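Visitor: query_7.csv is reproduced in full below (CSV, C-alpha atoms).
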```csv
chain,number,residue,atom,x,y,z
B,1,MET,CA,-82.7,79.6,-87.4
B,2,LYS,CA,-85.3,78.9,-90.2
B,3,THR,CA,-85.2,80.6,-93.5
B,4,LEU,CA,-88.3,80.8,-95.7
B,5,SER,CA,-87.9,81.7,-99.4
B,6,LEU,CA,-90.9,82.3,-101.7
B,7,ALA,CA,-90.8,82.8,-105.5
B,8,THR,CA,-93.8,83.8,-107.5
B,9,SER,CA,-93.9,84.4,-111.3
B,10,LEU,CA,-96.6,86.6,-112.7
B,11,LEU,CA,-96.9,88.0,-116.2
B,12,ILE,CA,-98.8,91.3,-115.8
B,13,ALA,CA,-98.5,94.4,-117.9
B,14,ALA,CA,-99.8,97.4,-116.2
B,15,THR,CA,-99.1,101.1,-115.6
B,16,PRO,CA,-98.0,101.9,-112.1
B,17,VAL,CA,-100.7,103.5,-110.0
B,18,PHE,CA,-99.8,105.6,-107.0
B,19,ALA,CA,-102.0,106.1,-104.1
B,20,ALA,CA,-101.7,109.9,-103.6
B,21,LEU,CA,-100.7,111.0,-100.1
B,22,ASN,CA,-102.0,114.1,-98.6
B,23,ILE,CA,-98.9,116.2,-98.8
B,24,PRO,CA,-99.5,119.9,-97.9
B,25,SER,CA,-98.0,121.4,-101.0
B,26,ASP,CA,-99.7,123.4,-103.7
B,27,GLY,CA,-96.6,123.5,-105.9
B,28,SER,CA,-96.3,127.3,-105.5
B,29,ASP,CA,-92.5,127.2,-105.7
B,30,GLY,CA,-92.8,125.7,-109.1
B,31,ALA,CA,-90.9,122.8,-110.7
B,32,PHE,CA,-87.3,122.2,-109.5
B,33,ASN,CA,-85.4,120.9,-112.5
B,34,PRO,CA,-81.8,122.1,-112.5
B,35,SER,CA,-79.7,121.4,-115.6
B,36,VAL,CA,-76.3,122.3,-114.1
B,37,ASP,CA,-74.7,122.1,-110.6
B,38,THR,CA,-76.8,124.3,-108.3
B,39,GLU,CA,-76.4,125.8,-104.9
B,40,ILE,CA,-79.6,126.7,-103.1
B,41,ASP,CA,-79.2,129.8,-101.0
B,42,LEU,CA,-81.5,129.1,-98.0
B,43,GLY,CA,-80.8,132.7,-96.7
B,44,GLN,CA,-83.1,133.9,-99.6
B,45,ALA,CA,-86.1,132.3,-98.0
B,46,THR,CA,-88.8,134.7,-96.8
B,47,THR,CA,-89.6,134.5,-93.1
B,48,GLY,CA,-93.1,133.4,-92.1
B,49,THR,CA,-95.2,130.3,-91.4
B,50,TRP,CA,-94.0,127.2,-93.2
B,51,SER,CA,-97.3,126.8,-95.2
B,52,ASP,CA,-97.2,130.4,-96.6
B,53,ASP,CA,-96.9,130.9,-100.4
B,54,ASN,CA,-94.3,133.2,-102.0
B,55,GLY,CA,-95.3,135.4,-104.9
B,56,GLY,CA,-93.6,137.5,-107.5
B,57,SER,CA,-89.8,137.5,-107.4
B,58,ASP,CA,-89.8,135.3,-104.2
B,59,ILE,CA,-91.3,132.2,-106.0
B,60,GLY,CA,-88.9,129.3,-105.6
B,61,LYS,CA,-87.0,130.8,-102.7
B,62,GLY,CA,-88.9,128.9,-100.0
B,63,VAL,CA,-90.2,130.0,-96.5
B,64,TYR,CA,-88.2,130.0,-93.3
B,65,ASP,CA,-90.4,129.2,-90.3
B,66,PRO,CA,-88.5,130.2,-87.1
B,67,GLN,CA,-91.1,128.5,-84.9
B,68,GLN,CA,-90.6,125.1,-86.6
B,69,TRP,CA,-86.9,125.9,-87.4
B,70,VAL,CA,-87.0,124.8,-91.0
B,71,VAL,CA,-86.8,126.2,-94.6
B,72,VAL,CA,-89.8,124.8,-96.6
B,73,TYR,CA,-90.1,124.6,-100.4
B,74,GLU,CA,-93.5,123.7,-102.0
B,75,TYR,CA,-92.4,122.3,-105.4
B,76,SER,CA,-94.8,121.0,-108.1
B,77,SER,CA,-92.1,118.4,-109.0
B,78,VAL,CA,-88.4,117.7,-108.6
B,79,ASN,CA,-86.1,116.3,-111.3
B,80,ILE,CA,-82.4,116.3,-110.7
B,81,PRO,CA,-80.6,114.7,-113.8
B,82,SER,CA,-77.6,112.5,-113.7
B,83,GLY,CA,-74.4,114.5,-113.4
B,84,VAL,CA,-76.0,117.4,-111.6
B,85,THR,CA,-75.2,118.1,-108.0
B,86,VAL,CA,-77.4,120.2,-105.7
B,87,THR,CA,-75.8,121.8,-102.6
B,88,PHE,CA,-77.0,124.4,-100.1
B,89,LYS,CA,-75.8,127.6,-98.6
B,90,ASN,CA,-77.0,127.7,-95.0
B,91,HIS,CA,-79.7,130.0,-93.7
B,92,PRO,CA,-78.3,132.3,-90.9
B,93,SER,CA,-80.2,130.1,-88.4
B,94,ASN,CA,-78.6,126.9,-89.8
B,95,ALA,CA,-82.1,125.5,-90.2
B,96,PRO,CA,-82.8,122.1,-92.0
B,97,VAL,CA,-84.6,121.8,-95.3
B,98,MET,CA,-88.0,120.4,-96.2
B,99,TRP,CA,-89.2,119.7,-99.8
B,100,LEU,CA,-93.0,119.3,-100.0
B,101,VAL,CA,-93.8,118.1,-103.5
B,102,SER,CA,-97.3,117.9,-105.0
B,103,GLY,CA,-96.0,115.7,-107.9
B,104,SER,CA,-93.2,113.2,-108.3
B,105,VAL,CA,-89.5,113.3,-107.3
B,106,THR,CA,-86.7,111.9,-109.4
B,107,ILE,CA,-83.1,112.1,-108.2
B,108,ASP,CA,-80.6,110.7,-110.8
B,109,GLY,CA,-77.9,113.2,-109.7
B,110,THR,CA,-76.8,114.2,-106.2
B,111,VAL,CA,-78.2,116.2,-103.4
B,112,ASP,CA,-75.5,117.0,-100.9
B,113,LEU,CA,-76.0,118.3,-97.3
B,114,SER,CA,-72.7,117.2,-95.9
B,115,GLY,CA,-70.9,119.0,-93.1
B,116,THR,CA,-67.7,120.9,-94.0
B,117,SER,CA,-64.5,118.9,-93.9
B,118,VAL,CA,-61.6,120.6,-92.1
B,119,TYR,CA,-58.0,119.3,-92.8
B,120,GLU,CA,-55.7,122.2,-92.0
B,121,GLY,CA,-55.1,124.5,-89.0
B,122,GLY,CA,-54.0,128.1,-88.8
B,123,LEU,CA,-56.4,130.9,-89.0
B,124,GLU,CA,-59.1,128.6,-90.4
B,125,GLY,CA,-59.0,126.7,-87.1
B,126,LEU,CA,-60.0,129.8,-85.1
B,127,ALA,CA,-63.6,129.8,-86.4
B,128,PRO,CA,-66.3,127.1,-86.0
B,129,SER,CA,-66.7,125.0,-89.2
B,130,THR,CA,-70.0,124.8,-91.0
B,131,GLY,CA,-72.4,122.0,-90.6
B,132,GLY,CA,-74.9,121.0,-93.3
B,133,PRO,CA,-78.3,122.7,-93.1
B,134,GLY,CA,-79.8,121.6,-89.7
B,135,GLY,CA,-76.4,120.1,-88.6
B,136,PHE,CA,-74.1,121.5,-85.9
B,137,ARG,CA,-70.8,123.3,-86.4
B,138,GLY,CA,-67.4,121.9,-85.6
B,139,ALA,CA,-65.6,123.5,-82.7
B,140,PRO,CA,-62.5,125.7,-83.2
B,141,SER,CA,-59.0,125.2,-81.9
B,142,GLY,CA,-56.3,127.8,-81.3
B,143,PRO,CA,-53.8,129.1,-78.7
B,144,GLU,CA,-56.6,129.6,-76.2
B,145,GLY,CA,-57.5,125.9,-76.3
B,146,SER,CA,-59.8,123.5,-78.2
B,147,GLY,CA,-63.6,123.4,-78.1
B,148,ALA,CA,-66.0,120.5,-77.9
B,149,GLY,CA,-68.3,119.9,-80.9
B,150,LEU,CA,-71.1,122.5,-81.1
B,151,GLY,CA,-73.8,119.9,-80.9
B,152,PRO,CA,-75.0,117.4,-78.3
B,153,GLY,CA,-72.2,115.0,-79.4
B,154,GLY,CA,-70.0,114.7,-82.3
B,155,ALA,CA,-68.0,112.0,-84.0
B,156,GLY,CA,-64.6,113.2,-82.7
B,157,ALA,CA,-63.0,113.3,-79.3
B,158,ALA,CA,-64.8,115.5,-76.9
B,159,GLY,CA,-62.8,118.5,-75.8
B,160,GLY,CA,-59.7,117.3,-77.5
B,161,SER,CA,-59.4,114.2,-75.3
B,162,SER,CA,-57.8,111.0,-76.5
B,163,GLN,CA,-61.0,108.9,-76.4
B,164,PRO,CA,-63.3,109.4,-79.4
B,165,VAL,CA,-67.0,109.6,-79.0
B,166,TYR,CA,-69.1,107.7,-81.6
B,167,LYS,CA,-72.7,107.6,-82.7
B,168,SER,CA,-74.3,110.8,-81.5
B,169,GLY,CA,-71.8,111.5,-78.8
B,170,THR,CA,-72.0,110.8,-75.1
B,171,TYR,CA,-75.7,111.8,-75.1
B,172,GLU,CA,-77.6,110.4,-78.0
B,173,TYR,CA,-80.2,112.9,-79.1
B,174,GLY,CA,-83.2,113.0,-81.5
B,175,ASN,CA,-85.3,110.0,-82.2
B,176,PRO,CA,-85.9,107.4,-84.9
B,177,LYS,CA,-88.9,109.3,-86.2
B,178,ILE,CA,-86.7,112.3,-86.9
B,179,LEU,CA,-89.2,114.5,-85.2
B,180,PRO,CA,-88.1,117.3,-85.1
B,181,LEU,CA,-85.9,117.3,-88.2
B,182,ILE,CA,-82.3,117.7,-87.0
B,183,GLY,CA,-78.8,117.0,-88.3
B,184,GLY,CA,-75.5,115.7,-86.9
B,185,SER,CA,-73.1,117.1,-84.3
B,186,GLY,CA,-69.9,118.9,-85.2
B,187,GLY,CA,-66.6,117.4,-84.2
B,188,SER,CA,-64.3,118.7,-81.5
B,189,GLY,CA,-61.3,120.9,-82.3
B,190,SER,CA,-57.8,119.9,-81.5
B,191,ALA,CA,-54.1,120.7,-82.2
B,192,GLY,CA,-55.0,124.0,-83.8
B,193,THR,CA,-57.5,122.6,-86.3
B,194,ALA,CA,-61.3,123.0,-86.0
B,195,GLY,CA,-63.6,120.0,-85.9
B,196,SER,CA,-65.5,119.2,-89.0
B,197,GLY,CA,-69.2,120.0,-89.4
B,198,GLY,CA,-72.1,117.7,-88.8
B,199,GLY,CA,-74.2,116.4,-91.6
B,200,GLY,CA,-77.4,118.3,-92.5
B,201,ALA,CA,-81.1,117.2,-92.4
B,202,LEU,CA,-83.5,117.0,-95.3
B,203,LEU,CA,-87.1,115.8,-95.5
B,204,ILE,CA,-88.6,115.0,-99.0
B,205,ALA,CA,-92.3,114.3,-99.1
B,206,SER,CA,-94.1,113.5,-102.4
B,207,SER,CA,-97.8,113.0,-103.0
B,208,THR,CA,-96.9,110.1,-105.4
B,209,GLN,CA,-93.4,108.7,-105.7
B,210,ILE,CA,-89.7,109.3,-104.9
B,211,LEU,CA,-87.3,107.7,-107.4
B,212,VAL,CA,-83.6,107.8,-106.3
B,213,ASN,CA,-81.1,106.4,-108.7
B,214,GLY,CA,-78.5,108.9,-107.7
B,215,ASN,CA,-77.2,110.0,-104.2
B,216,LEU,CA,-78.7,111.7,-101.2
B,217,ILE,CA,-75.9,112.6,-98.9
B,218,ALA,CA,-76.0,114.0,-95.4
B,219,SER,CA,-72.7,112.8,-94.1
B,220,GLY,CA,-70.4,114.4,-91.4
B,221,GLY,CA,-67.3,116.3,-92.5
B,222,ASP,CA,-64.0,114.4,-92.8
B,223,SER,CA,-60.7,115.0,-91.1
B,224,TYR,CA,-57.2,113.5,-91.0
B,225,PHE,CA,-54.6,112.9,-88.3
B,226,SER,CA,-51.1,111.6,-87.9
B,227,GLY,CA,-51.6,109.2,-85.1
B,228,SER,CA,-52.1,105.5,-85.0
B,229,ALA,CA,-55.4,103.7,-85.5
B,230,VAL,CA,-55.4,103.1,-81.7
B,231,ASP,CA,-54.8,106.7,-80.6
B,232,ARG,CA,-57.4,108.8,-82.4
B,233,GLY,CA,-56.8,111.9,-80.3
B,234,TYR,CA,-57.0,114.1,-83.3
B,235,ASP,CA,-60.2,112.6,-84.6
B,236,ARG,CA,-62.3,115.7,-85.5
B,237,ARG,CA,-64.9,114.2,-87.7
B,238,GLY,CA,-68.6,115.4,-87.8
B,239,SER,CA,-71.5,113.1,-87.1
B,240,GLY,CA,-73.9,112.0,-89.9
B,241,GLY,CA,-77.1,113.9,-90.4
B,242,SER,CA,-80.7,112.9,-91.2
B,243,LEU,CA,-82.7,112.0,-94.3
B,244,ARG,CA,-86.5,111.4,-94.2
B,245,LEU,CA,-88.4,110.3,-97.3
B,246,ILE,CA,-92.2,110.1,-97.5
B,247,ALA,CA,-94.2,108.9,-100.5
B,248,ASP,CA,-96.6,106.1,-101.6
B,249,GLN,CA,-93.7,104.5,-103.5
B,250,VAL,CA,-89.9,105.0,-102.8
B,251,SER,CA,-87.8,103.2,-105.4
B,252,GLY,CA,-84.5,103.2,-107.3
B,253,SER,CA,-81.0,101.8,-107.0
B,254,GLY,CA,-79.4,104.9,-105.5
B,255,PHE,CA,-77.5,105.6,-102.3
B,256,LEU,CA,-78.7,107.3,-99.1
B,257,ASP,CA,-75.6,108.3,-97.0
B,258,CYS,CA,-75.8,109.5,-93.4
B,259,ARG,CA,-72.5,108.2,-92.2
B,260,GLY,CA,-70.2,110.2,-90.0
B,261,GLY,CA,-67.1,111.7,-91.5
B,262,PHE,CA,-64.1,109.7,-92.6
B,263,TRP,CA,-60.7,110.1,-91.0
B,264,ASN,CA,-57.7,109.9,-93.3
B,265,LYS,CA,-54.2,108.9,-92.3
B,266,SER,CA,-52.0,111.5,-93.9
B,267,SER,CA,-53.9,113.8,-96.3
B,268,PRO,CA,-57.4,114.5,-97.5
B,269,ILE,CA,-57.0,111.9,-100.3
B,270,ASP,CA,-55.4,109.2,-98.2
B,271,THR,CA,-58.3,106.9,-97.2
B,272,SER,CA,-56.1,104.0,-96.1
B,273,PHE,CA,-57.3,104.4,-92.6
B,274,SER,CA,-60.9,105.6,-93.2
B,275,GLN,CA,-63.8,104.7,-91.1
B,276,GLY,CA,-67.4,106.0,-91.5
B,277,ASP,CA,-69.1,105.4,-88.2
B,278,ALA,CA,-70.9,108.1,-86.1
B,279,PHE,CA,-74.1,107.4,-88.2
B,280,GLY,CA,-77.0,109.8,-88.3
B,281,ARG,CA,-80.5,108.6,-89.1
B,282,ILE,CA,-82.6,107.6,-92.1
B,283,ARG,CA,-86.3,107.2,-92.1
B,284,ILE,CA,-88.4,106.0,-95.1
B,285,GLU,CA,-92.2,106.2,-94.9
B,286,THR,CA,-93.8,104.4,-97.8
B,287,ASN,CA,-96.3,101.7,-98.8
B,288,SER,CA,-93.8,100.3,-101.4
B,289,LEU,CA,-90.0,100.3,-101.1
B,290,SER,CA,-87.5,99.2,-103.6
B,291,THR,CA,-85.0,96.7,-102.2
B,292,SER,CA,-82.3,98.1,-104.5
B,293,LEU,CA,-81.8,101.2,-102.5
B,294,ILE,CA,-78.6,101.3,-100.4
B,295,THR,CA,-78.8,103.1,-97.1
B,296,TYR,CA,-76.2,103.9,-94.4
B,297,PRO,CA,-77.2,103.3,-91.7
B,298,GLU,CA,-79.7,100.6,-92.8
B,299,THR,CA,-83.3,101.2,-92.1
B,300,VAL,CA,-86.7,99.5,-92.2
B,301,ALA,CA,-89.5,101.3,-94.1
B,302,VAL,CA,-92.7,102.0,-92.3
B,303,ALA,CA,-96.2,102.9,-93.6
B,304,PRO,CA,-96.9,106.7,-93.8
B,305,ASN,CA,-99.1,108.2,-91.2
B,306,ASP,CA,-102.5,109.5,-92.3
B,307,PRO,CA,-102.4,112.4,-92.2
B,308,VAL,CA,-98.6,112.7,-92.8
B,309,LEU,CA,-96.8,114.0,-89.7
B,310,LEU,CA,-94.2,116.6,-90.7
B,311,PHE,CA,-93.7,118.2,-87.3
B,312,PRO,CA,-94.0,117.1,-83.7
B,313,PRO,CA,-97.6,117.3,-82.5
B,314,ALA,CA,-98.8,120.4,-80.7
B,315,ASN,CA,-98.8,118.6,-77.4
B,316,ALA,CA,-95.2,117.3,-77.8
B,317,PRO,CA,-92.8,118.1,-74.9
B,318,THR,CA,-90.6,121.1,-75.4
B,319,VAL,CA,-87.6,122.6,-73.6
B,320,GLU,CA,-86.0,126.0,-74.2
B,321,ILE,CA,-83.7,128.5,-72.6
B,322,ILE,CA,-85.7,131.6,-71.6
B,323,SER,CA,-83.1,133.9,-70.1
B,324,VAL,CA,-79.5,134.2,-69.0
B,325,ASN,CA,-78.5,136.6,-66.2
B,326,ALA,CA,-82.1,138.1,-66.4
B,327,ILE,CA,-81.5,138.9,-70.1
B,328,ASN,CA,-84.2,137.4,-72.3
B,329,ALA,CA,-83.0,135.0,-75.0
B,330,PRO,CA,-83.8,135.9,-78.6
B,331,VAL,CA,-86.8,134.1,-80.1
B,332,ASP,CA,-84.5,132.8,-82.9
B,333,PRO,CA,-81.0,132.6,-81.6
B,334,THR,CA,-78.1,132.1,-84.1
B,335,ALA,CA,-75.1,131.6,-81.7
B,336,PRO,CA,-72.6,133.6,-83.9
B,337,LEU,CA,-69.6,133.0,-81.6
B,338,GLN,CA,-67.7,135.6,-83.5
B,339,ALA,CA,-67.7,139.4,-82.9
B,340,SER,CA,-71.2,139.3,-81.6
B,341,SER,CA,-73.4,137.1,-79.4
B,342,ASP,CA,-77.1,136.5,-78.7
B,343,ILE,CA,-76.6,137.5,-75.1
B,344,ALA,CA,-73.7,139.5,-73.6
B,345,ILE,CA,-72.6,138.8,-70.0
B,346,GLN,CA,-70.6,141.7,-68.5
B,347,ASN,CA,-69.4,140.0,-65.3
B,348,ASP,CA,-67.5,136.9,-64.1
B,349,GLU,CA,-69.9,136.2,-61.2
B,350,PRO,CA,-72.3,133.2,-61.0
B,351,VAL,CA,-75.4,133.9,-63.2
B,352,THR,CA,-78.8,132.2,-63.4
B,353,ILE,CA,-80.0,130.4,-66.5
B,354,ILE,CA,-83.8,130.0,-66.7
B,355,VAL,CA,-85.2,127.1,-68.7
B,356,GLN,CA,-88.9,126.4,-69.5
B,357,THR,CA,-90.5,123.1,-70.3
B,358,THR,CA,-94.0,122.3,-71.6
B,359,ASN,CA,-95.9,119.0,-71.5
B,360,PHE,CA,-93.0,117.6,-69.5
B,361,PRO,CA,-93.2,115.7,-66.2
B,362,LEU,CA,-91.7,117.4,-63.2
B,363,GLU,CA,-90.0,114.1,-62.3
B,364,GLY,CA,-87.9,114.3,-65.5
B,365,VAL,CA,-84.3,115.6,-65.8
B,366,VAL,CA,-83.6,119.0,-67.4
B,367,GLN,CA,-80.0,119.9,-68.3
B,368,VAL,CA,-78.1,122.7,-69.9
B,369,ARG,CA,-75.0,122.1,-72.0
B,370,VAL,CA,-72.4,124.8,-71.7
B,371,SER,CA,-69.8,124.6,-74.4
B,372,GLN,CA,-66.9,127.0,-74.5
B,373,LYS,CA,-65.7,128.2,-77.9
B,374,PHE,CA,-62.1,127.4,-76.9
B,375,GLY,CA,-62.7,124.9,-74.0
B,376,GLY,CA,-64.6,121.9,-72.8
B,377,ALA,CA,-68.3,121.3,-72.5
B,378,GLU,CA,-70.3,120.3,-69.5
B,379,TRP,CA,-73.9,119.3,-68.8
B,380,LYS,CA,-75.4,121.0,-65.8
B,381,THR,CA,-78.6,119.7,-64.2
B,382,ALA,CA,-81.4,122.2,-63.6
B,383,THR,CA,-83.6,122.6,-60.5
B,384,ASN,CA,-87.3,122.9,-60.8
B,385,ILE,CA,-88.5,126.2,-59.3
B,386,GLY,CA,-92.2,125.9,-60.1
B,387,GLY,CA,-95.0,125.0,-62.5
B,388,THR,CA,-96.8,121.9,-63.7
B,389,LEU,CA,-96.6,119.3,-66.3
B,390,ALA,CA,-98.2,121.7,-68.8
B,391,SER,CA,-95.6,124.4,-68.1
B,392,ALA,CA,-92.7,124.5,-65.7
B,393,THR,CA,-89.7,126.7,-64.9
B,394,TRP,CA,-86.2,125.4,-64.1
B,395,GLN,CA,-82.9,127.1,-63.2
B,396,VAL,CA,-79.2,126.5,-63.4
B,397,THR,CA,-76.4,128.6,-61.9
B,398,HIS,CA,-73.2,128.9,-63.8
B,399,THR,CA,-70.1,131.1,-63.9
B,400,PHE,CA,-69.0,131.6,-67.5
B,401,ALA,CA,-65.4,131.6,-68.5
B,402,ASP,CA,-64.1,134.6,-70.5
B,403,GLY,CA,-64.9,134.5,-74.2
B,404,PHE,CA,-67.8,132.9,-76.1
B,405,SER,CA,-69.9,129.9,-74.9
B,406,ALA,CA,-72.8,128.1,-76.5
B,407,LEU,CA,-75.9,126.9,-74.6
B,408,GLN,CA,-78.2,124.0,-75.4
B,409,ALA,CA,-81.0,122.5,-73.3
B,410,ARG,CA,-82.2,118.9,-73.1
B,411,ALA,CA,-85.0,117.2,-71.1
B,412,THR,CA,-85.2,113.5,-70.4
B,413,ALA,CA,-88.5,112.0,-69.2
B,414,PRO,CA,-88.3,109.4,-66.4
```
Let me see the structure of the file written as C-alpha cells.
Guide:
Amino acid sequence: MKTLSLATSLLIAATPVFAALNIPSDGSDGAFNPSVDTEIDLGQATTGTWSDDNGGSDIGKGVYDPQQWVVVYEYSSVNIPSGVTVTFKNHPSNAPVMWLVSGSVTIDGTVDLSGTSVYEGGLEGLAPSTGGPGGFRGAPSGPEGSGAGLGPGGAGAAGGSSQPVYKSGTYEYGNPKILPLIGGSGGSGSAGTAGSGGGGALLIASSTQILVNGNLIASGGDSYFSGSAVDRGYDRRGSGGSLRLIADQVSGSGFLDCRGGFWNKSSPIDTSFSQGDAFGRIRIETNSLSTSLITYPETVAVAPNDPVLLFPPANAPTVEIISVNAINAPVDPTAPLQASSDIAIQNDEPVTIIVQTTNFPLEGVVQVRVSQKFGGAEWKTATNIGGTLASATWQVTHTFADGFSALQARATAP
C-alpha cells in the first residue's frame, strides 16, 4: 500500500466566505439561543405542512407535518453555549426533528436525542420505554412475557432470546442518505425489565455554516445485566439513531454520537463491561468539513445536492398499511399500546391486513412485521392482489394473539 503525504504552507489573512445554500427557511421561528438547560416540547408544534409559518404565540413552536412525519423549526440562527444541554419531549407521533436555519449554527453545548435507558424492572417494565424523537420504543416485559423491540431491529436480543442482534437488527432498515429521517430501534424486553429506547433523529441544515465544538447525541438507551460477556441474554440496549448535517461549511472539534446503548455489568454506573455497537447513521453534506470532528460511526462527507434534498422525492417508493380486518388504519397512527389502540380487533379469527405500495415493482417483496407487546415478533410476507408499479395492493392473513400488537410494513425491491 502506498501512502502520499502533502504539506503546503500559505500565509493568507482573510475573512471566511460561505457559499450560501438554498435552505428553505425564512427564520420565522426566530433565533434559538438558550442560556440554560432547555427541553423542547415537540407536542406544542402546530399541525400543518412543514413549510408553514407560525404566528403570534405559536412562534418558536415549530410545525408538525404528519405526511412527512417530522417536526420542523425554521430558525434564523442557532447558538447553544457551552454548559447548556438541549433535550426533547416527544411529539405524540414520536416524529423526528428538523432544524432549517437561515443563518449560522453554533453548538458549543449539547443537543441530546438519546433513547431512554432502562435499568430496573417492576411496574416500569410493563410499559414500552421511550425512544428519542424519531426513534422506536423499547419493548416491555412482565408476567405475560417479553416483547421484541418496537422497531425493525434493536440492539438487544430479539424476543428475549440469548443471541443479541446488532447493528439495526435482523433486518437493516433505512439508507445511508437518511431519507426519510428515521431513528434507531428499541431493545427487547426480558426478565421483567423493558428494553431501552432507540436513539432519535435530527437534521440540521444551515444556509451558511454549522460549527460543533460540543456534542450532538442520538445514542440508544443503556441497560445492564448480571450475566457473562458471552451470554448477553439480558441485553436490552437500544440502537443508535441518526444525525444529518447540511451546510456549506461544517467544522469544529465536537462529538457526533450515534452509537447503540451501552450494557453495564452490575449497575447503571458500572461501565466495566460496556460496549457501544448497534450504530445508527451519520451523514454530513458540506463543501468543507473540519477533520477535527469526531463521529461514531465514522462517515465521509459528501457535497450537498442543489437544491438540497430534505425529503424523499415525490416518486420515491412507499409502503403503508391501509386496513386491518376491513377497518381503515388512521392517517397518523401512534400505536399507544396502553389502554387504547389505533385499531381494535374483536375476534380471535384470522383477519386480513391490506398493504399498499406506490412506485414499487410487483416483483419485489412486501412484508408486515407483527410484534406482540408481551411476545415475539414475526415478519409475514404479503401476496400481491392487484395493481401496477405505480400503485399496487397486497394482503397478509394473520391471527392476532390476545393483547396489544404493533404492525410495521417494509418493501424490498428485487
Visitor: What is the distance between CA of Ile80 in chain B and CA of Ala303 in chain B, in Å to one decimal?
Guide: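 Result for CA of Ile80 in chain B versus CA of Ala303 in chain B: 25.7 Å, one decimal.
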Visitor: Select, from B:Ala301, B:Ala409, B:Val101, B:Val319, the residue with the minimum atom-to-atom distance to Ile282 in chain B, counting all atoms listed in the file.
Guide: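 With all atoms listed in the file as the atom set, the closest residue is B:Ala301.
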Visitor: Name the residues, using the chain letters and numbers of the file, that sit within 6 Å of (-86.6, 117.7, -94.4) when counting all atoms listed in the file, and give them as a ChimeraX atom specification.
Guide: /B:97-98,201-204
Visitor: Within 12 Å of Val63 in chain B, counting all atoms listed in the file, which residues show up once you throw out same-chain ones fewer than 3 positions away? Write them as a VMD selection string, please.
Guide: chain B and resid 28 to 29 41 to 55 58 to 60 66 to 75 91 95 to 100
Visitor: To one decimal place in Å, what is the distance between CA of Leu256 in chain B and CA of Thr295 in chain B?
Guide: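 Atom-to-atom, CA of Leu256 in chain B to CA of Thr295 in chain B, that is 4.7 Å.
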Visitor: Go through B:Val366, B:Pro24, B:Ile353, B:Asn347 one by one, measure the shortest atom-to-atom distance of each to Asp402 in chain B using all atoms listed in the file, and give the residue with the smallest value.
Guide: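 Distance minimum relative to Asp402 in chain B lands on B:Asn347.
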Visitor: Could you tell me how far CA of Leu21 in chain B lies from CA of Ile107 in chain B, in Å and to one decimal?
Guide: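 Those two atoms sit 19.4 Å apart.
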Visitor: Which residue gives the smallest distance to Leu211 in chain B among B:Tyr119, B:Phe255, B:Tyr296, B:Phe262, with only C-alpha atoms counted?
Guide: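 Comparing B:Tyr119, B:Phe255, B:Tyr296, B:Phe262 against Leu211 in chain B, the winner is B:Phe255.
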Visitor: Find the residues near Glu298 in chain B: any atom within 12 Å, counting only C-alpha atoms, skip ones fewer than 3 places away on the same chain, and give them as an NGL selection string.
Guide: :B and (243 or 255-259 or 279-284 or 291 or 293-295 or 301)
Visitor: Print the selection's residues with C-alpha atoms to a file, as a PDB file, keeping the file's coordinate frame.
Guide:
```pdb
ATOM      1  CA  LEU B 243     -82.700 112.000 -94.300  1.00  0.00           C
ATOM      2  CA  PHE B 255     -77.500 105.600-102.300  1.00  0.00           C
ATOM      3  CA  LEU B 256     -78.700 107.300 -99.100  1.00  0.00           C
ATOM      4  CA  ASP B 257     -75.600 108.300 -97.000  1.00  0.00           C
ATOM      5  CA  CYS B 258     -75.800 109.500 -93.400  1.00  0.00           C
ATOM      6  CA  ARG B 259     -72.500 108.200 -92.200  1.00  0.00           C
ATOM      7  CA  PHE B 279     -74.100 107.400 -88.200  1.00  0.00           C
ATOM      8  CA  GLY B 280     -77.000 109.800 -88.300  1.00  0.00           C
ATOM      9  CA  ARG B 281     -80.500 108.600 -89.100  1.00  0.00           C
ATOM     10  CA  ILE B 282     -82.600 107.600 -92.100  1.00  0.00           C
ATOM     11  CA  ARG B 283     -86.300 107.200 -92.100  1.00  0.00           C
ATOM     12  CA  ILE B 284     -88.400 106.000 -95.100  1.00  0.00           C
ATOM     13  CA  THR B 291     -85.000  96.700-102.200  1.00  0.00           C
ATOM     14  CA  LEU B 293     -81.800 101.200-102.500  1.00  0.00           C
ATOM     15  CA  ILE B 294     -78.600 101.300-100.400  1.00  0.00           C
ATOM     16  CA  THR B 295     -78.800 103.100 -97.100  1.00  0.00           C
ATOM     17  CA  ALA B 301     -89.500 101.300 -94.100  1.00  0.00           C
TER      18      ALA B 301
END
```
Visitor: Which of these, B:Gln395, B:Thr318, B:Asn79, B:Ser341, has the shortest distance to Thr358 in chain B once you count all atoms listed in the file?
Guide: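 For Thr358 in chain B, the nearest of the candidates is B:Thr318.
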Visitor: Counting only C-alpha atoms, which residues have an atom no more than 9 Å from (-65.9, 128.8, -73.7) in the file's coordinates? Please list them as a short mmCIF file (atom, residue, chain, number, x, y, z; two decimals) with C-alpha atoms, in the coordinates of the input.
Guide:
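Okay, point25.cif is ready:
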```
data_model
loop_
_atom_site.label_atom_id
_atom_site.label_comp_id
_atom_site.auth_asym_id
_atom_site.auth_seq_id
_atom_site.Cartn_x
_atom_site.Cartn_y
_atom_site.Cartn_z
CA GLY B 147 -63.60 123.40 -78.10
CA VAL B 370 -72.40 124.80 -71.70
CA SER B 371 -69.80 124.60 -74.40
CA GLN B 372 -66.90 127.00 -74.50
CA LYS B 373 -65.70 128.20 -77.90
CA PHE B 374 -62.10 127.40 -76.90
CA GLY B 375 -62.70 124.90 -74.00
CA GLY B 376 -64.60 121.90 -72.80
CA ALA B 377 -68.30 121.30 -72.50
CA PHE B 400 -69.00 131.60 -67.50
CA ALA B 401 -65.40 131.60 -68.50
CA ASP B 402 -64.10 134.60 -70.50
CA GLY B 403 -64.90 134.50 -74.20
CA PHE B 404 -67.80 132.90 -76.10
CA SER B 405 -69.90 129.90 -74.90
CA ALA B 406 -72.80 128.10 -76.50
#
```
Visitor: Using all atoms listed in the file, which protein or nucleic acid residues come within 8 Å of Ser102 in chain B? Drop anything in the same chain fewer than 4 positions from it, and give the result as a VMD selection string.
Guide: chain B and resid 23 to 27 74 to 77 206 to 208
Visitor: From the options B:Gly214, B:Pro312, B:Gly149, B:Pro92, which residue's atoms come nearest to Gly238 in chain B, counting all atoms listed in the file?
Guide: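 Residue with the minimum atom-to-atom distance to Gly238 in chain B: B:Gly149.
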